[in-house]
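Data file: run-v5.cif. Format and content: mmCIF, C-alpha atoms.
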data_data
loop_
_atom_site.label_atom_id
_atom_site.label_comp_id
_atom_site.auth_asym_id
_atom_site.auth_seq_id
_atom_site.Cartn_x
_atom_site.Cartn_y
_atom_site.Cartn_z
CA MET A 936 7.68 -15.12 -13.81
CA ALA A 937 5.81 -18.36 -14.43
CA LYS A 938 6.04 -19.07 -10.69
CA VAL A 939 4.34 -15.75 -9.93
CA LYS A 940 1.54 -16.46 -12.42
CA ALA A 941 1.04 -19.97 -11.04
CA LEU A 942 1.03 -18.66 -7.48
CA ILE A 943 -1.55 -15.99 -8.27
CA VAL A 944 -3.82 -18.41 -10.12
CA GLY A 945 -3.36 -21.00 -7.37
CA ALA A 946 -4.23 -18.42 -4.71
CA GLY A 947 -7.41 -17.54 -6.57
CA VAL A 948 -8.49 -21.16 -6.79
CA ALA A 949 -7.65 -21.77 -3.11
CA LEU A 950 -9.74 -18.76 -2.09
CA GLY A 951 -12.75 -20.03 -3.98
CA GLY A 952 -12.20 -18.09 -7.19
CA SER A 953 -12.25 -19.57 -10.62
CA ALA A 954 -9.31 -19.84 -12.93
CA SER A 955 -9.23 -20.64 -16.60
CA ALA A 956 -6.42 -21.69 -18.90
CA ASP A 957 -5.80 -17.99 -19.44
CA GLY A 958 -5.80 -17.25 -15.70
CA MET A 959 -7.94 -14.80 -13.75
CA ASP A 960 -9.12 -11.36 -14.72
CA TYR A 961 -6.97 -8.40 -13.68
CA GLU A 962 -9.38 -7.16 -11.02
CA THR A 963 -9.44 -10.54 -9.25
CA VAL A 964 -5.65 -10.79 -9.35
CA THR A 965 -5.16 -7.29 -7.90
CA ASP A 966 -7.86 -7.91 -5.29
CA LEU A 967 -6.05 -11.07 -4.14
CA LEU A 968 -2.66 -9.37 -4.12
CA HIS A 969 -4.11 -6.50 -2.10
CA LEU A 970 -5.71 -8.91 0.37
CA VAL A 971 -2.29 -10.37 1.21
CA MET A 972 -0.59 -6.96 1.32
CA SER A 973 -3.29 -5.39 3.48
CA SER A 974 -3.36 -8.33 5.89
CA ASP A 975 0.41 -8.33 6.35
CA ARG A 976 0.50 -4.54 6.75
CA THR A 977 -2.31 -4.55 9.32
CA VAL A 978 -0.72 -7.36 11.33
CA TYR A 979 2.64 -5.57 11.42
CA THR A 980 1.01 -2.24 12.32
CA ARG A 981 -1.29 -3.54 15.06
CA MET A 982 0.69 -6.43 16.56
CA ILE A 983 4.21 -5.04 16.30
CA VAL A 984 4.36 -1.26 15.92
CA ASN A 985 1.22 -0.23 17.80
CA ARG A 986 1.68 -2.82 20.57
CA LEU A 987 5.38 -2.24 21.18
CA ALA A 988 5.63 1.50 20.48
CA VAL A 989 2.24 2.88 21.55
CA GLU A 990 0.65 0.44 24.03
CA GLU A 991 3.71 -0.94 25.82
CA GLY A 992 6.21 1.79 24.99
CA VAL A 993 9.20 -0.60 24.94
CA ILE A 994 10.64 0.61 21.63
CA LYS A 995 9.78 3.41 19.26
CA ALA A 996 9.11 3.31 15.55
CA SER A 997 11.09 5.78 13.47
CA GLU A 998 11.70 6.74 9.86
CA HIS A 999 15.38 6.80 10.94
CA PHE A 1000 15.09 3.28 12.35
CA GLU A 1001 18.75 2.34 11.87
CA ASP A 1002 20.17 5.43 13.57
CA ASP A 1003 17.48 5.38 16.26
CA LYS A 1004 17.66 1.59 16.79
CA ALA A 1005 13.90 1.57 16.35
CA LEU A 1006 11.18 -0.31 14.54
CA VAL A 1007 10.70 0.23 10.82
CA LEU A 1008 7.57 2.28 10.14
CA PRO A 1009 4.71 0.35 8.49
CA ALA A 1010 4.99 2.49 5.33
CA GLN A 1011 8.72 1.73 5.13
CA MET A 1012 8.09 -2.00 5.62
CA PHE A 1013 5.59 -1.84 2.76
CA ARG A 1014 8.04 0.00 0.48
CA PHE A 1015 10.85 -2.46 1.28
CA GLY A 1016 8.56 -5.34 0.29
CA SER A 1017 7.62 -3.57 -2.93
CA GLU A 1018 11.28 -3.04 -3.78
CA MET A 1019 12.05 -6.73 -3.21
CA VAL A 1020 9.15 -7.79 -5.42
CA ALA A 1021 10.39 -5.44 -8.17
CA GLU A 1022 13.78 -7.19 -8.05
CA GLU A 1023 12.10 -10.57 -8.64
CA THR A 1024 9.38 -9.89 -11.22
CA ASP A 1025 7.94 -7.40 -13.65
CA GLU A 1026 4.56 -9.19 -13.72
CA PHE A 1027 3.16 -6.61 -11.28
CA SER A 1028 4.23 -3.69 -9.12
CA TYR A 1029 2.79 -1.93 -6.12
CA SER A 1030 3.29 1.19 -4.06
CA LEU A 1031 1.78 3.16 -1.21
CA LEU A 1032 0.78 6.69 -2.22
CA SER A 1033 -1.18 9.52 -0.67
CA LEU A 1034 -2.80 12.84 -1.49
CA TRP A 1035 -1.23 13.99 1.82
CA PRO A 1036 2.24 12.42 1.78
CA ILE A 1037 4.78 13.13 4.49
CA ASN A 1038 7.50 12.01 2.06
CA LYS A 1039 6.91 13.77 -1.27
CA GLN A 1040 8.07 10.67 -3.21
CA ASN A 1041 4.79 9.07 -2.09
CA ALA A 1042 2.60 11.60 -3.92
CA PRO A 1043 0.70 10.55 -7.07
CA THR A 1044 2.70 11.04 -10.26
CA THR A 1045 0.21 9.95 -12.94
CA PRO A 1046 -3.31 11.21 -13.64
CA MET A 1047 -4.66 7.68 -12.92
CA GLU A 1048 -2.97 7.59 -9.50
CA LYS A 1049 -4.42 10.98 -8.59
CA GLU A 1050 -7.89 10.06 -9.86
CA GLY A 1051 -7.79 6.75 -7.97
CA LEU A 1052 -6.64 8.34 -4.72
CA GLU A 1053 -9.31 11.03 -4.96
CA TYR A 1054 -11.95 8.38 -5.68
CA ILE A 1055 -11.12 6.14 -2.71
CA ALA A 1056 -10.92 9.16 -0.38
CA ALA A 1057 -14.39 10.32 -1.49
CA ASN A 1058 -15.94 6.82 -1.55
CA PRO A 1059 -15.08 4.97 1.68
CA GLY A 1060 -14.90 1.20 1.32
CA GLU A 1061 -14.64 1.27 -2.46
CA ASN A 1062 -11.71 0.43 -4.73
CA PHE A 1063 -10.75 2.09 -8.01
CA TYR A 1064 -9.84 0.28 -11.23
CA GLY A 1065 -8.67 1.58 -14.58
CA GLU A 1066 -6.23 1.27 -17.45
CA GLU A 1067 -3.37 3.61 -18.21
CA GLU A 1068 -0.53 3.82 -20.67
CA LEU A 1069 2.96 4.37 -19.28
CA GLY A 1070 6.09 4.29 -21.42
CA GLY A 1071 4.18 2.84 -24.37
CA GLU A 1072 2.75 -0.06 -22.33
CA THR A 1073 -0.83 -0.47 -21.12
CA TYR A 1074 -1.37 -1.33 -17.46
CA PHE A 1075 -4.35 -2.41 -15.41
CA THR A 1076 -4.15 -0.12 -12.38
CA ALA A 1077 -6.03 -0.70 -9.14
CA VAL A 1078 -6.11 1.67 -6.15
CA TYR A 1079 -7.18 0.43 -2.71
CA PRO A 1080 -7.77 2.55 0.39
CA ASP A 1081 -5.03 2.52 3.00
CA ILE A 1082 -6.91 2.86 6.27
CA ALA A 1083 -5.72 4.14 9.65
CA VAL A 1084 -5.95 0.84 11.57
CA ALA A 1085 -4.10 1.80 14.77
CA GLU A 1086 -3.15 4.83 16.82
CA ALA A 1087 0.41 4.42 15.59
CA CYS A 1088 -0.85 5.38 12.09
CA TRP A 1089 -2.76 8.56 12.76
CA ALA A 1090 -0.57 9.77 15.62
CA CYS A 1091 2.60 9.49 13.51
CA HIS A 1092 1.03 11.25 10.54
CA ASN A 1093 -0.72 13.96 12.58
CA ASP A 1094 2.41 14.78 14.61
CA HIS A 1095 5.10 14.56 11.91
CA LYS A 1096 6.94 17.84 11.24
CA ASP A 1097 6.41 17.49 7.47
CA THR A 1098 2.77 16.43 7.50
CA PRO A 1099 0.37 18.32 5.25
CA ARG A 1100 -2.62 17.04 7.27
CA THR A 1101 -3.06 16.81 11.06
CA ASP A 1102 -6.60 15.53 11.55
CA PHE A 1103 -6.42 11.81 10.76
CA LYS A 1104 -8.38 9.48 13.05
CA ALA A 1105 -9.25 5.78 13.26
CA GLY A 1106 -10.75 4.43 10.06
CA ASP A 1107 -9.71 7.35 7.86
CA VAL A 1108 -8.37 6.79 4.36
CA MET A 1109 -4.78 8.00 4.67
CA GLY A 1110 -3.67 7.05 1.19
CA GLY A 1111 -3.88 4.18 -1.22
CA VAL A 1112 -2.17 1.04 -2.38
CA VAL A 1113 -1.59 1.20 -6.14
CA ILE A 1114 -1.15 -2.14 -7.91
CA ARG A 1115 -0.22 -2.32 -11.60
CA ILE A 1116 -0.21 -5.27 -13.97
CA PRO A 1117 1.07 -4.91 -17.55
CA MET A 1118 -1.69 -5.91 -19.95
#
Transcribe the structure of this file into structure tokens.
Amino acid sequence: MAKVKALIVGAGVALGGSASADGMDYETVTDLLHLVMSSDRTVYTRMIVNRLAVEEGVIKASEHFEDDKALVLPAQMFRFGSEMVAEETDEFSYSLLSLWPINKQNAPTTPMEKEGLEYIAANPGENFYGEEELGGETYFTAVYPDIAVAEACWACHNDHKDTPRTDFKAGDVMGGVVIRIPM
């Protein structure tokens, strides 16, 4: 856990932020974590999934990637990363949720998640920050917009048999990244 704290503080200093003996404020930490997550997710979506599955058509992406011998969907890649982080630390957690989830496990489950997702959907380009109590512990919770960055995103969601929404387009908020840090 100390390695995670040192890494986060070090990342903030390297990116021009300030750090004190107590570390950075929660908003700065979640903003930096989201920057890395969003960058990795966008690179995978645009340079791997969209290029290979949509533009070049050499392999498909599938939620049944093992059976279909296909690429992992960007949302699955994100969840797998989140699960690995959870195995290594309890200093923070993250998930990808939506008001319009294809997989019902990706729907908001707390009032703060729902409020945050509604806020970022109604306020393009803005993030949502708050505090919530879960299981007797207080958490700083941040919600960031998950944007449709490539055709692979909106086409998959619009065409999926279980989709509750079929009108996504480039630049739309499709959901949100929820990051929690115990306070």
Put a box with edges along x, y and z around all the listed atoms of range 1070-1088 of chain A, pad it by 5 Å on each side, then give me its centre and sizes in Å, one decimal, as lines of an AutoDock Vina configuration file.
center_x = -0.8
center_y = 1.5
center_z = -3.8
size_x = 23.9
size_y = 17.8
size_z = 51.2
note = Across A:Glu962, A:Glu1086, A:Glu990, A:Asn1038, the smallest distance to Asn1062 in chain A, with only C-alpha atoms counted, is shown by A:Glu962
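In this model, the gap between CA of Lys1104 in chain A and CA of Asp1081 in chain A comes to 12.7 Å.
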ask   = Could you name the residues that touch Ala1042 in chain A at 8 Å or less, counting all atoms listed in the file, but leaving out those on the same chain fewer than 5 positions away, as a VMD selection string?
value = chain A and resid 1032 to 1036
request  = Decode the PyMOL selection byres ((chain A and resi 1037) around 12) for the given file into explicit residues and return them as a ChimeraX atom specification.
outcome  = /A:998,1010,1031-1036,1038-1042,1091-1101,1109-1110
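In this structure, CA of Glu1001 in chain A sits 22.6 Å away from CA of Glu1022 in chain A.
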Could you tell me which residues the PyMOL selection byres ((chain A and resi 994) around 10) grabs in this file, written as an mmCIF file with C-alpha atoms, keeping the file's coordinate frame?
data_model
loop_
_atom_site.group_PDB
_atom_site.id
_atom_site.type_symbol
_atom_site.label_atom_id
_atom_site.label_comp_id
_atom_site.auth_asym_id
_atom_site.auth_seq_id
_atom_site.Cartn_x
_atom_site.Cartn_y
_atom_site.Cartn_z
ATOM 1 C CA VAL A 984 4.360 -1.260 15.920
ATOM 2 C CA ARG A 986 1.680 -2.820 20.570
ATOM 3 C CA LEU A 987 5.380 -2.240 21.180
ATOM 4 C CA ALA A 988 5.630 1.500 20.480
ATOM 5 C CA VAL A 989 2.240 2.880 21.550
ATOM 6 C CA GLU A 991 3.710 -0.940 25.820
ATOM 7 C CA GLY A 992 6.210 1.790 24.990
ATOM 8 C CA VAL A 993 9.200 -0.600 24.940
ATOM 9 C CA LYS A 995 9.780 3.410 19.260
ATOM 10 C CA ALA A 996 9.110 3.310 15.550
ATOM 11 C CA SER A 997 11.090 5.780 13.470
ATOM 12 C CA ASP A 1003 17.480 5.380 16.260
ATOM 13 C CA LYS A 1004 17.660 1.590 16.790
ATOM 14 C CA ALA A 1005 13.900 1.570 16.350
ATOM 15 C CA LEU A 1006 11.180 -0.310 14.540
#
request  = Take CA of Ala1090 in chain A and CA of Tyr1029 in chain A and report the distance between them in Å, one decimal.
outcome  = 24.9 Å
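Taking all atoms listed in the file into account, Ile1116 in chain A lies nearest to A:Ser1028 out of the set A:Thr980, A:Ser1017, A:Thr1044, A:Ser1028.
The nearest approach to Ala1021 in chain A among the residues A:Ala1057, A:Lys1049, A:Arg1115, A:Tyr979, with all atoms listed in the file taken into account, belongs to A:Arg1115.
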Could N, CA, C and O atoms be built for range 1032-1043 of chain A and written out as a compact mmCIF listing (two decimals), keeping the file's coordinate frame?
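rebuild00.txt, freshly written:
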# COMPACT_ATOMS: atom_id res chain seq x y z
N LEU A 1032 0.79 5.26 -1.87
CA LEU A 1032 0.78 6.69 -2.22
C LEU A 1032 -0.28 7.41 -1.41
O LEU A 1032 -1.16 6.79 -0.82
N SER A 1033 -0.20 8.74 -1.41
CA SER A 1033 -1.18 9.52 -0.67
C SER A 1033 -1.35 10.90 -1.30
O SER A 1033 -0.41 11.45 -1.88
N LEU A 1034 -2.55 11.44 -1.12
CA LEU A 1034 -2.80 12.84 -1.49
C LEU A 1034 -2.17 13.77 -0.47
O LEU A 1034 -2.03 14.96 -0.72
N TRP A 1035 -1.82 13.22 0.72
CA TRP A 1035 -1.23 13.99 1.82
C TRP A 1035 0.07 13.33 2.29
O TRP A 1035 0.21 12.99 3.46
N PRO A 1036 1.04 13.16 1.40
CA PRO A 1036 2.24 12.42 1.78
C PRO A 1036 3.17 13.22 2.70
O PRO A 1036 3.35 14.42 2.51
N ILE A 1037 3.72 12.53 3.66
CA ILE A 1037 4.78 13.13 4.49
C ILE A 1037 6.05 13.19 3.65
O ILE A 1037 6.74 14.20 3.60
N ASN A 1038 6.35 12.09 2.97
CA ASN A 1038 7.50 12.01 2.06
C ASN A 1038 6.97 12.28 0.65
O ASN A 1038 6.14 11.53 0.13
N LYS A 1039 7.43 13.33 0.04
CA LYS A 1039 6.91 13.77 -1.27
C LYS A 1039 7.04 12.70 -2.36
O LYS A 1039 6.32 12.74 -3.35
N GLN A 1040 7.95 11.74 -2.20
CA GLN A 1040 8.07 10.67 -3.21
C GLN A 1040 6.84 9.76 -3.20
O GLN A 1040 6.66 8.97 -4.11
N ASN A 1041 5.99 9.90 -2.19
CA ASN A 1041 4.79 9.07 -2.09
C ASN A 1041 3.54 9.80 -2.57
O ASN A 1041 2.42 9.38 -2.27
N ALA A 1042 3.72 10.88 -3.32
CA ALA A 1042 2.60 11.60 -3.92
C ALA A 1042 2.26 10.95 -5.27
O ALA A 1042 3.12 10.31 -5.89
N PRO A 1043 1.03 11.11 -5.75
CA PRO A 1043 0.70 10.55 -7.07
C PRO A 1043 1.50 11.25 -8.16
O PRO A 1043 1.77 12.45 -8.07
